[in-house]
Amino acid sequence: MFMKVNRRWLKVFLFTLVVAFICGSVIILTTSKNPLTAIRWFCLGPVSNTYFLGNMLSGSIPLVLTGLAAVIAFSAGTFNLGLEGQLYFATFCATIVALHLEGLVRSFSIPLILFVAFIVGGLAAAFSGVLKILFRVDELLSSFLIGQALIYIADYFLNGPFRDPFAGLSASKYISGSMMFSKILPPSDLHSGVFVAIAISVVVYFVLRFSNLGYQIKVTGSNHDFAHYGGIKVHWVWLVALFLSGGMAGLGGTIDVLGVHGRMMKGFSFGYGFNGIAVALIARNNPISVIPSALLFSYLEVGAQVSSIMADVTPEVSKIVQATIFYLITAESLADFLIGKKVAAHGR
Amino acid sequence: MATKVENCVEMKEIYKTFLLNQTKALKGANLCVKKGAIHTLLGENGAGKTTLMRILCGLEKMDSGRIFVNGRHVIIRNQHDALNHGIAMVHQNLSLIEDFTALENIVLQRTPLKFGVFVDLDQARKKIERLMENSGIFVDLDRKVAGLSVAERQKVEILRVLYLEAEILIFDEPTSYLNEIESDQFLRTIRKLRDSGKTVIFITHNAQDALSVSDQITVLRNGTTVYSSEDNNPSLAELTKMMAGETQIFRRQNVHESGKNLISIENVVLREKKRVIGPVSFQIREGEILGIAGFDSSGAVELMEILAGTRRPSDGKIIFLKKDITFQSISERRKIGIGYIPQKKIQVGLSTKLSVAYNLIVNNYKKFSRAGWLNHRKIEEWSNQLAREYEIKISSVWQPADTLSGGNMHRVVIVRELKSKPKLLIACNPTAGLDMKSTDFVHRSFLELCNQGSSILIYSNDLDEILKICDRILVMSKGRLVREFKNTYTLTKDRLIEAMLVHESKPALA
């Protein structure tokens, strides 16, 4: 049964991919003076050489993690709209810790930094869960508002006490190279954090699908009255799910910093959190499908960048194409249409 | 000739297969409804009654077959087509918007407009008042639906359909959730509808209701029409036989007189905004079946929820096996052996999007887990075994619960609670919506559970059910226990109803 669903998802996914690229091409056709070159760079740019390919892959890493973060929260029936803030603040804290860890062995320091990021992000999200349980505050609002506040708090410290005086922008000092993920495909940005991301999505998949916790999350997410009635501690499940969700977001940002930027910069994460929600929706809440949908997002982003460098296209094209994909994939009836037979409304 | 008698609906050789699980719901069903009659469609759960009517309403597509309305061959593609032919289904209180008034709900689908923009409620009100006079069905149009009882909501639904100018009204199991008096009133209501010239199709599994109200009866079994009456009225036994193929009579045998105290409820009080329930005190002995009779407004359902742990009492104590469990959560209560069949079986007792297997293990999934991981093969084996043993019709235990028929969904809930072998089973309307065979099966399982020393507390709208299997009966009225009966064979329904009405102002029997 799960296989069937996956195949169905794949069909829809591939179809929308094609439509999205056609759509992007049409936009380029109407705006570019030299449309053919632009379209070629847009569609094939990211795979035309290892540099762009590496950048595309590395750009998808934080999206995979924020996508997973959203999947976990959605599965439990909670909405974590604060991914962006949790990611930003957790990365900031992890960076500060990293800056104070000199002379530790790599194999110890990297896990420690990631652990800090996970805990900070998790606590930030779990706080919304506490508000939901104690005061019935809607976590959708509280997580978003708290997240936005956290971004400003982190920015204050980045601009003030923790700013690198020699940097031209508000950013922290560079983390020592011994604590960074190693590059895989130089000179591109691709780094060994990609394996961490893949490993985490596999773990999340198995946990959600086969573990007790996964079962509790699914039952709670599908009908929390039923979960409560069945003896599942609904509040606890909400808390754990939000904590894991925030933790994933924290990891996403920190892996990006440890792999690509080497330091925390103001606004480095722009959009990772919200795009993560989009990635999860496109993946239809399946942790494994998160990987292709994050890749797709990153592909479009890099494609637009490349074509704006190589031809006269604005990078915003990628946003329009992303929106198109979004509409197409979330349209349920389109999926039914593509499968060919309409599954009739089941009788009682 | 008899053929000249106006048949307003004729359905011929209807076939229907559900794509999703390849079940053949209808295998050549026939139906012939006379104009201006009350026609009962009788059958067990899963016989295809609802499916046949959903096809007539355009909610479902048939594989093959023909439909005639007023003698003309028609094709019904959707609800709209059906309504154009004057056919409409009266839904079960699910489709009303709680925050709207009765009036707003009635006009929702076809809102009268002033100047093409503004909603003209006055015009609608006049029209509906005329409808109410013609049909003899009255509701307070200005009250919000949230404050209406199930029976009143049903009237709103009827008016809504009448407002849409339907001539043929279809009711799907309308009496399942009504108590005795409300059922009586309802049957009177549909007679009034018939007298005002409408045609009524009435789906039920209750042969008694069918006999008491209908002009014509059609019996469906396993997707085919096995009987349809013109005038010759069959007997109850005949009908039952036709529905099930066999007649079963149930009798309670051993009465548990002595037994240790299992649970004591001491002065339990629930204070809500508008009313107070309690103080209520009673005990249940081991091996006893205790019934509670009362209207939905009597607070009996709330009392059950307090005992099961989904609601906190404002005051009082609950002692289970000499331990105070007043402040224990439902999960702790489940651990010490309290099972619960809730009033809202499908909304609370199931998660319809999850698979049947996942629904079956919610109270004991830890049995299938090792070191935090669930063994899915064992879950599948166990669920398959349950489905076979209790005749839950499924093609795979991994299919979502909402692909099951209503009766099968109920079975999932009941089977799950029975299988956990609770020391105390709390059951709200355990057999509402089930056919006779399934009801009988549930009652037998209850008895078997009791013979193993467990106790059962039942609240039911169906007084026959209570009289049939309970050892002792408590009657609740306006939040208080008013009478206690020992169930001897001389006890009758009238005496129960009389007690139920003690604190109730007598409902107007129009």
# chains A, B, ... in the order shown; residues from 1 in each chain; ligands from 1
>>> interface_residues(of="chain B", to="chain A", cutoff="7 Å", atoms="only C-alpha atoms", output="number ranges by chain")
B: 19-20, 50-51, 310, 330-331, 334, 348-351, 353, 362-363, 369, 372-374, 403-406
>>> residues_around(residues="Ala37 of chain B", least_positions_apart="3", cutoff="8 Å", atoms="only C-alpha atoms", output="PyMOL selection string")
chain B and resi 33-34+194+198-200+214-216
>>> residues_around(residues="Val18 of chain A", least_positions_apart="4", cutoff="12 Å", atoms="only C-alpha atoms", output="PyMOL selection string")
chain A and resi 11-14+22-25+43+296+321+324-325+328-329
>>> closest_residue(among="A:Leu53, A:Ala38, A:Ile146, A:Leu281", to="Ile72 of chain A", atoms="only C-alpha atoms")
A:Leu281
>>> atom_distance(atom1="atom CA of Leu29 of chain A", atom2="atom CA of Ala323 of chain A")
18.1 Å
>>> closest_atom_pairs(of="segment 173-224 of chain B", to="segment 143-165 of chain B", cutoff="10 Å", atoms="only C-alpha atoms", output="Markdown table")
| residue | atom | partner | partner_atom | distance |
| --- | --- | --- | --- | --- |
| B:Pro174 | CA | B:Gln154 | CA | 8.2 |
| B:Thr175 | CA | B:Ala151 | CA | 9.2 |
| B:Tyr177 | CA | B:Val150 | CA | 7.6 |
| B:Leu178 | CA | B:Ala151 | CA | 6.8 |
| B:Asn179 | CA | B:Ala151 | CA | 9.1 |
| B:Glu182 | CA | B:Ala151 | CA | 6.4 |
| B:Ser183 | CA | B:Ala151 | CA | 8.4 |
| B:Gln185 | CA | B:Ala151 | CA | 8.8 |
| B:Phe186 | CA | B:Ala151 | CA | 7.7 |
| B:Thr189 | CA | B:Lys155 | CA | 8.7 |
| B:Ile190 | CA | B:Ile158 | CA | 9.6 |
| B:Leu193 | CA | B:Ile158 | CA | 9.6 |
| B:Lys198 | CA | B:Leu162 | CA | 9.4 |
>>> write_last_selection(atoms="N, CA, C and O atoms", output="short mmCIF file (atom, residue, chain, number, x, y, z; two decimals), in the first residue's frame")
data_model
loop_
_atom_site.label_atom_id
_atom_site.label_comp_id
_atom_site.auth_asym_id
_atom_site.auth_seq_id
_atom_site.Cartn_x
_atom_site.Cartn_y
_atom_site.Cartn_z
N PRO B 174 -32.42 7.07 10.38
CA PRO B 174 -32.69 8.28 11.17
C PRO B 174 -32.91 8.00 12.65
O PRO B 174 -32.73 8.90 13.46
N THR B 175 -33.27 6.79 13.02
CA THR B 175 -33.62 6.57 14.42
C THR B 175 -32.47 6.04 15.27
O THR B 175 -32.61 5.86 16.47
N TYR B 177 -29.82 7.31 16.52
CA TYR B 177 -29.34 8.10 17.64
C TYR B 177 -30.47 8.80 18.39
O TYR B 177 -30.25 9.75 19.10
N LEU B 178 -31.68 8.33 18.18
CA LEU B 178 -32.80 8.94 18.89
C LEU B 178 -33.26 7.99 20.00
O LEU B 178 -33.16 6.78 19.86
N ASN B 179 -33.75 8.57 21.08
CA ASN B 179 -34.28 7.69 22.12
C ASN B 179 -35.74 7.34 21.81
O ASN B 179 -36.29 7.77 20.80
N GLU B 182 -38.23 10.23 21.17
CA GLU B 182 -37.85 10.97 19.96
C GLU B 182 -38.12 10.14 18.70
O GLU B 182 -38.56 10.66 17.69
N SER B 183 -37.85 8.82 18.79
CA SER B 183 -38.13 7.96 17.65
C SER B 183 -39.61 7.99 17.30
O SER B 183 -39.97 8.11 16.12
N GLN B 185 -41.71 10.31 17.90
CA GLN B 185 -42.03 11.60 17.29
C GLN B 185 -41.57 11.65 15.85
O GLN B 185 -42.26 12.16 14.98
N PHE B 186 -40.40 11.07 15.63
CA PHE B 186 -39.87 11.10 14.28
C PHE B 186 -40.78 10.33 13.32
O PHE B 186 -41.08 10.79 12.22
N THR B 189 -43.52 12.33 12.44
CA THR B 189 -43.12 13.37 11.50
C THR B 189 -43.14 12.87 10.06
O THR B 189 -43.65 13.54 9.17
N ILE B 190 -42.60 11.68 9.84
CA ILE B 190 -42.57 11.26 8.45
C ILE B 190 -43.96 10.87 7.95
O ILE B 190 -44.25 10.99 6.77
N LEU B 193 -45.25 14.05 6.74
CA LEU B 193 -44.66 14.35 5.45
C LEU B 193 -45.41 13.65 4.33
O LEU B 193 -45.72 14.22 3.29
N LYS B 198 -45.63 14.15 0.17
CA LYS B 198 -44.26 13.79 -0.20
C LYS B 198 -44.09 12.27 -0.20
O LYS B 198 -44.86 11.55 0.42
#
>>> closest_residue(among="B:His80, B:Ile168, B:Ile97, B:Asn359", to="Ile379 of chain B", atoms="only C-alpha atoms")
B:Asn359
>>> closest_residue(among="A:Val257, A:Ala331, A:Ala278, A:Val194", to="Ser58 of chain A", atoms="only C-alpha atoms")
A:Val194
>>> residues_around(residues="Ile497 of chain B", least_positions_apart="4", cutoff="10 Å", atoms="only C-alpha atoms", output="PDB file with N, CA, C and O atoms, in the first residue's frame")
ATOM      1  N   GLU B 180     -36.338   6.551  22.704  1.00  0.00           N
ATOM      2  CA  GLU B 180     -37.671   6.013  22.411  1.00  0.00           C
ATOM      3  C   GLU B 180     -38.686   7.078  22.017  1.00  0.00           C
ATOM      4  O   GLU B 180     -39.345   6.983  20.992  1.00  0.00           O
ATOM      5  N   ILE B 181     -38.757   8.107  22.848  1.00  0.00           N
ATOM      6  CA  ILE B 181     -39.793   9.117  22.608  1.00  0.00           C
ATOM      7  C   ILE B 181     -39.497   9.895  21.333  1.00  0.00           C
ATOM      8  O   ILE B 181     -40.380  10.134  20.520  1.00  0.00           O
ATOM      9  N   ALA B 293     -30.252   4.113  32.213  1.00  0.00           N
ATOM     10  CA  ALA B 293     -31.231   4.586  31.249  1.00  0.00           C
ATOM     11  C   ALA B 293     -31.438   6.069  31.484  1.00  0.00           C
ATOM     12  O   ALA B 293     -31.369   6.537  32.613  1.00  0.00           O
ATOM     13  N   GLY B 294     -31.642   6.806  30.424  1.00  0.00           N
ATOM     14  CA  GLY B 294     -31.875   8.235  30.565  1.00  0.00           C
ATOM     15  C   GLY B 294     -31.805   8.902  29.210  1.00  0.00           C
ATOM     16  O   GLY B 294     -31.307   8.316  28.251  1.00  0.00           O
ATOM     17  N   PHE B 295     -32.312  10.120  29.150  1.00  0.00           N
ATOM     18  CA  PHE B 295     -32.208  10.864  27.897  1.00  0.00           C
ATOM     19  C   PHE B 295     -30.780  11.370  27.758  1.00  0.00           C
ATOM     20  O   PHE B 295     -30.013  11.378  28.724  1.00  0.00           O
ATOM     21  N   LEU B 463     -33.925   1.064  25.046  1.00  0.00           N
ATOM     22  CA  LEU B 463     -34.327   0.469  26.321  1.00  0.00           C
ATOM     23  C   LEU B 463     -34.470  -1.045  26.214  1.00  0.00           C
ATOM     24  O   LEU B 463     -34.227  -1.767  27.171  1.00  0.00           O
ATOM     25  N   VAL B 475     -31.770   4.582  36.691  1.00  0.00           N
ATOM     26  CA  VAL B 475     -32.393   5.554  35.793  1.00  0.00           C
ATOM     27  C   VAL B 475     -31.919   6.944  36.173  1.00  0.00           C
ATOM     28  O   VAL B 475     -31.918   7.313  37.355  1.00  0.00           O
ATOM     29  N   THR B 492     -40.878  -3.551  32.739  1.00  0.00           N
ATOM     30  CA  THR B 492     -41.248  -3.164  31.383  1.00  0.00           C
ATOM     31  C   THR B 492     -40.680  -1.793  31.034  1.00  0.00           C
ATOM     32  O   THR B 492     -40.256  -1.046  31.909  1.00  0.00           O
ATOM     33  N   LYS B 493     -40.703  -1.522  29.747  1.00  0.00           N
ATOM     34  CA  LYS B 493     -40.165  -0.259  29.246  1.00  0.00           C
ATOM     35  C   LYS B 493     -40.910   0.937  29.833  1.00  0.00           C
ATOM     36  O   LYS B 493     -40.313   1.950  30.150  1.00  0.00           O
ATOM     37  N   LEU B 501     -38.656  10.309  33.145  1.00  0.00           N
ATOM     38  CA  LEU B 501     -39.347  11.596  32.999  1.00  0.00           C
ATOM     39  C   LEU B 501     -39.562  12.312  34.319  1.00  0.00           C
ATOM     40  O   LEU B 501     -40.140  13.390  34.348  1.00  0.00           O
ATOM     41  N   VAL B 502     -39.078  11.713  35.422  1.00  0.00           N
ATOM     42  CA  VAL B 502     -39.390  12.260  36.736  1.00  0.00           C
ATOM     43  C   VAL B 502     -39.072  13.744  36.838  1.00  0.00           C
ATOM     44  O   VAL B 502     -39.914  14.557  37.209  1.00  0.00           O
TER      45      VAL B 502
END
>>> residues_around(residues="Asn80 of chain A", least_positions_apart="6", cutoff="12 Å", atoms="only C-alpha atoms", output="PyMOL selection string")
chain A and resi 66-74+86-87+121-122+124-129+132+138-147+238-239+241-249+273-274+276-277+280
>>> select_by_dssp(residues="segment 351-395 of chain B", states="alpha helix (DSSP H)", output="number ranges by chain")
B: 356-360, 376-389
>>> write_last_selection(atoms="N, CA and C atoms", output="compact mmCIF listing (two decimals), in the first residue's frame")
# COMPACT_ATOMS: atom_id res chain seq x y z
N VAL B 356 -6.85 0.19 9.38
CA VAL B 356 -7.64 -0.60 10.32
C VAL B 356 -6.74 -1.18 11.40
N ALA B 357 -5.58 -1.69 10.99
CA ALA B 357 -4.67 -2.31 11.95
C ALA B 357 -4.25 -1.30 13.01
N TYR B 358 -3.88 -0.11 12.57
CA TYR B 358 -3.45 0.91 13.53
C TYR B 358 -4.60 1.30 14.46
N ASN B 359 -5.82 1.24 13.95
CA ASN B 359 -6.97 1.54 14.81
C ASN B 359 -7.19 0.43 15.83
N LEU B 360 -6.87 -0.78 15.44
CA LEU B 360 -7.12 -1.91 16.34
C LEU B 360 -6.11 -1.99 17.47
N HIS B 376 5.61 -4.93 12.68
CA HIS B 376 4.45 -4.80 11.81
C HIS B 376 3.90 -6.13 11.34
N ARG B 377 4.77 -7.14 11.26
CA ARG B 377 4.25 -8.43 10.81
C ARG B 377 3.28 -9.00 11.85
N LYS B 378 3.68 -8.86 13.13
CA LYS B 378 2.80 -9.36 14.20
C LYS B 378 1.49 -8.58 14.22
N ILE B 379 1.58 -7.27 14.01
CA ILE B 379 0.36 -6.44 14.01
C ILE B 379 -0.57 -6.93 12.91
N GLU B 380 0.01 -7.22 11.75
CA GLU B 380 -0.81 -7.66 10.62
C GLU B 380 -1.48 -8.98 10.93
N GLU B 381 -0.70 -9.93 11.46
CA GLU B 381 -1.25 -11.25 11.79
C GLU B 381 -2.42 -11.11 12.76
N TRP B 382 -2.15 -10.35 13.82
CA TRP B 382 -3.15 -10.20 14.88
C TRP B 382 -4.41 -9.54 14.34
N SER B 383 -4.25 -8.46 13.55
CA SER B 383 -5.42 -7.76 13.03
C SER B 383 -6.20 -8.64 12.07
N ASN B 384 -5.47 -9.37 11.24
CA ASN B 384 -6.14 -10.28 10.32
C ASN B 384 -6.96 -11.31 11.06
N GLN B 385 -6.38 -11.80 12.15
CA GLN B 385 -7.08 -12.81 12.94
C GLN B 385 -8.37 -12.22 13.53
N LEU B 386 -8.26 -10.99 14.07
CA LEU B 386 -9.45 -10.34 14.63
C LEU B 386 -10.51 -10.12 13.57
N ALA B 387 -10.06 -9.65 12.40
CA ALA B 387 -11.02 -9.35 11.33
C ALA B 387 -11.76 -10.61 10.93
N ARG B 388 -11.02 -11.73 10.87
CA ARG B 388 -11.66 -12.99 10.50
C ARG B 388 -12.63 -13.43 11.59
N GLU B 389 -12.13 -13.39 12.83
CA GLU B 389 -12.91 -13.88 13.96
C GLU B 389 -14.21 -13.09 14.12
>>> residues_around(residues="Ser64 of chain B", least_positions_apart="5", cutoff="10 Å", atoms="only C-alpha atoms", output="number ranges by chain")
B: 12-17, 27-28
>>> write_last_selection(atoms="N, CA and C atoms", output="mmCIF file, in the first residue's frame")
data_model
loop_
_atom_site.group_PDB
_atom_site.id
_atom_site.type_symbol
_atom_site.label_atom_id
_atom_site.label_comp_id
_atom_site.auth_asym_id
_atom_site.auth_seq_id
_atom_site.Cartn_x
_atom_site.Cartn_y
_atom_site.Cartn_z
ATOM 1 N N LYS B 12 -33.709 -0.270 -11.528
ATOM 2 C CA LYS B 12 -33.716 -1.630 -12.081
ATOM 3 C C LYS B 12 -32.305 -2.161 -12.263
ATOM 4 N N GLU B 13 -32.071 -3.341 -11.728
ATOM 5 C CA GLU B 13 -30.822 -4.069 -11.951
ATOM 6 C C GLU B 13 -29.601 -3.190 -11.716
ATOM 7 N N ILE B 14 -29.508 -2.645 -10.517
ATOM 8 C CA ILE B 14 -28.387 -1.756 -10.220
ATOM 9 C C ILE B 14 -27.187 -2.579 -9.755
ATOM 10 N N TYR B 15 -26.046 -2.335 -10.390
ATOM 11 C CA TYR B 15 -24.792 -2.973 -9.979
ATOM 12 C C TYR B 15 -23.805 -1.917 -9.537
ATOM 13 N N LYS B 16 -23.036 -2.238 -8.524
ATOM 14 C CA LYS B 16 -22.035 -1.263 -8.077
ATOM 15 C C LYS B 16 -20.848 -1.988 -7.452
ATOM 16 N N THR B 17 -19.666 -1.662 -7.935
ATOM 17 C CA THR B 17 -18.444 -2.212 -7.340
ATOM 18 C C THR B 17 -17.597 -1.044 -6.866
ATOM 19 N N LYS B 27 -25.570 -6.096 -6.354
ATOM 20 C CA LYS B 27 -25.528 -7.108 -7.404
ATOM 21 C C LYS B 27 -26.930 -7.255 -7.979
ATOM 22 N N GLY B 28 -27.344 -6.253 -8.710
ATOM 23 C CA GLY B 28 -28.656 -6.331 -9.331
ATOM 24 C C GLY B 28 -29.785 -6.032 -8.375
#
>>> atom_distance(atom1="atom CA of Ile217 of chain B", atom2="atom CA of His85 of chain B")
22.5 Å
>>> atom_distance(atom1="atom CA of Gly453 of chain B", atom2="atom CA of Ile289 of chain B")
10.6 Å
>>> closest_residue(among="A:Val47, A:Met180, A:Leu251, A:Ile61", to="Phe115 of chain A", atoms="only C-alpha atoms")
A:Leu251
>>> select_by_dssp(residues="segment 284-398 of chain B", states="strand (DSSP E or B)", output="ChimeraX atom specification")
/B:284-285,289-293,315-320,323-324,338-341,355,369-370,373-374
>>> residues_around(residues="segment 268-272 of chain B", least_positions_apart="6", cutoff="6 Å", atoms="only C-alpha atoms", output="MDAnalysis selection string")
chainID B and resid 278:280 313:316
>>> decode(residues="segment 102-194 of chain A", atoms="C-alpha atoms", output="CSV table (one decimal), in the first residue's frame")
chain,number,residue,atom,x,y,z
A,102,GLU,CA,39.6,25.5,20.2
A,103,GLY,CA,41.9,22.5,20.0
A,104,LEU,CA,39.3,19.8,20.3
A,105,VAL,CA,39.3,16.7,18.1
A,106,ARG,CA,37.0,17.0,15.1
A,107,SER,CA,35.2,13.8,15.8
A,108,PHE,CA,34.2,15.2,19.1
A,109,SER,CA,33.7,18.9,18.3
A,110,ILE,CA,31.4,18.6,15.3
A,111,PRO,CA,28.8,16.3,17.1
A,112,LEU,CA,29.0,18.6,20.1
A,113,ILE,CA,28.2,21.7,17.9
A,114,LEU,CA,25.4,19.9,16.2
A,115,PHE,CA,24.0,18.7,19.5
A,116,VAL,CA,23.9,22.3,20.8
A,117,ALA,CA,22.1,23.4,17.7
A,118,PHE,CA,19.6,20.6,18.0
A,119,ILE,CA,18.9,21.4,21.7
A,120,VAL,CA,18.5,25.1,21.2
A,121,GLY,CA,16.3,24.8,18.1
A,122,GLY,CA,14.3,22.1,19.9
A,123,LEU,CA,13.7,24.2,23.0
A,124,ALA,CA,12.7,27.2,21.0
A,125,ALA,CA,10.0,25.2,19.3
A,126,ALA,CA,9.0,23.2,22.3
A,127,PHE,CA,8.3,26.5,24.1
A,128,SER,CA,5.4,27.1,21.7
A,129,GLY,CA,4.3,23.6,22.6
A,130,VAL,CA,4.3,24.5,26.3
A,131,LEU,CA,2.2,27.6,25.6
A,132,LYS,CA,-0.2,25.4,23.6
A,133,ILE,CA,-0.6,22.9,26.4
A,134,LEU,CA,-0.8,25.3,29.3
A,135,PHE,CA,-2.6,28.3,27.9
A,136,ARG,CA,-4.1,26.9,24.6
A,137,VAL,CA,-2.1,29.3,22.6
A,138,ASP,CA,-2.2,28.4,18.9
A,139,GLU,CA,1.3,27.1,18.1
A,140,LEU,CA,0.9,28.3,14.6
A,141,LEU,CA,1.0,31.9,15.7
A,142,SER,CA,3.2,31.6,18.7
A,143,SER,CA,6.0,29.7,16.9
A,144,PHE,CA,6.0,32.2,14.1
A,145,LEU,CA,6.0,35.2,16.4
A,146,ILE,CA,8.6,33.8,18.7
A,147,GLY,CA,10.7,32.8,15.7
A,148,GLN,CA,10.7,36.3,14.3
A,149,ALA,CA,11.7,37.7,17.7
A,150,LEU,CA,14.6,35.2,17.9
A,151,ILE,CA,15.8,36.4,14.5
A,152,TYR,CA,16.1,40.0,15.8
A,153,ILE,CA,17.7,38.8,19.0
A,154,ALA,CA,20.3,36.9,17.1
A,155,ASP,CA,20.8,39.9,14.8
A,156,TYR,CA,21.5,42.1,17.7
A,157,PHE,CA,24.3,40.0,19.0
A,158,LEU,CA,25.7,39.5,15.5
A,159,ASN,CA,25.8,43.3,15.1
A,160,GLY,CA,27.0,44.0,18.6
A,161,PRO,CA,29.0,41.8,21.0
A,162,PHE,CA,29.8,39.0,18.6
A,163,ARG,CA,30.5,40.9,15.4
A,164,ASP,CA,33.8,40.4,13.8
A,165,PRO,CA,35.3,43.9,13.7
A,166,PHE,CA,37.2,43.1,10.5
A,167,ALA,CA,34.1,41.9,8.6
A,168,GLY,CA,32.4,44.2,6.2
A,169,LEU,CA,29.0,42.9,7.1
A,170,SER,CA,27.4,41.8,10.3
A,171,ALA,CA,28.9,38.4,10.8
A,172,SER,CA,30.7,36.4,13.5
A,173,LYS,CA,34.3,35.5,13.4
A,174,TYR,CA,35.3,32.5,11.3
A,175,ILE,CA,35.1,29.1,12.9
A,176,SER,CA,38.4,27.3,12.9
A,177,GLY,CA,38.8,25.1,9.8
A,178,SER,CA,39.3,22.0,11.9
A,179,MET,CA,35.7,22.1,12.9
A,180,MET,CA,34.3,22.5,9.4
A,181,PHE,CA,32.8,19.7,7.2
A,182,SER,CA,35.3,18.7,4.5
A,183,LYS,CA,34.7,19.7,0.9
A,184,ILE,CA,33.8,16.9,-1.4
A,185,LEU,CA,33.8,18.5,-4.9
A,186,PRO,CA,36.0,21.6,-4.8
A,187,PRO,CA,35.8,24.3,-5.8
A,188,SER,CA,32.0,23.9,-5.3
A,189,ASP,CA,30.3,24.3,-1.9
A,190,LEU,CA,29.4,20.6,-1.6
A,191,HIS,CA,30.6,19.2,1.7
A,192,SER,CA,30.4,16.1,3.7
A,193,GLY,CA,27.4,17.4,5.7
A,194,VAL,CA,25.3,15.9,2.8
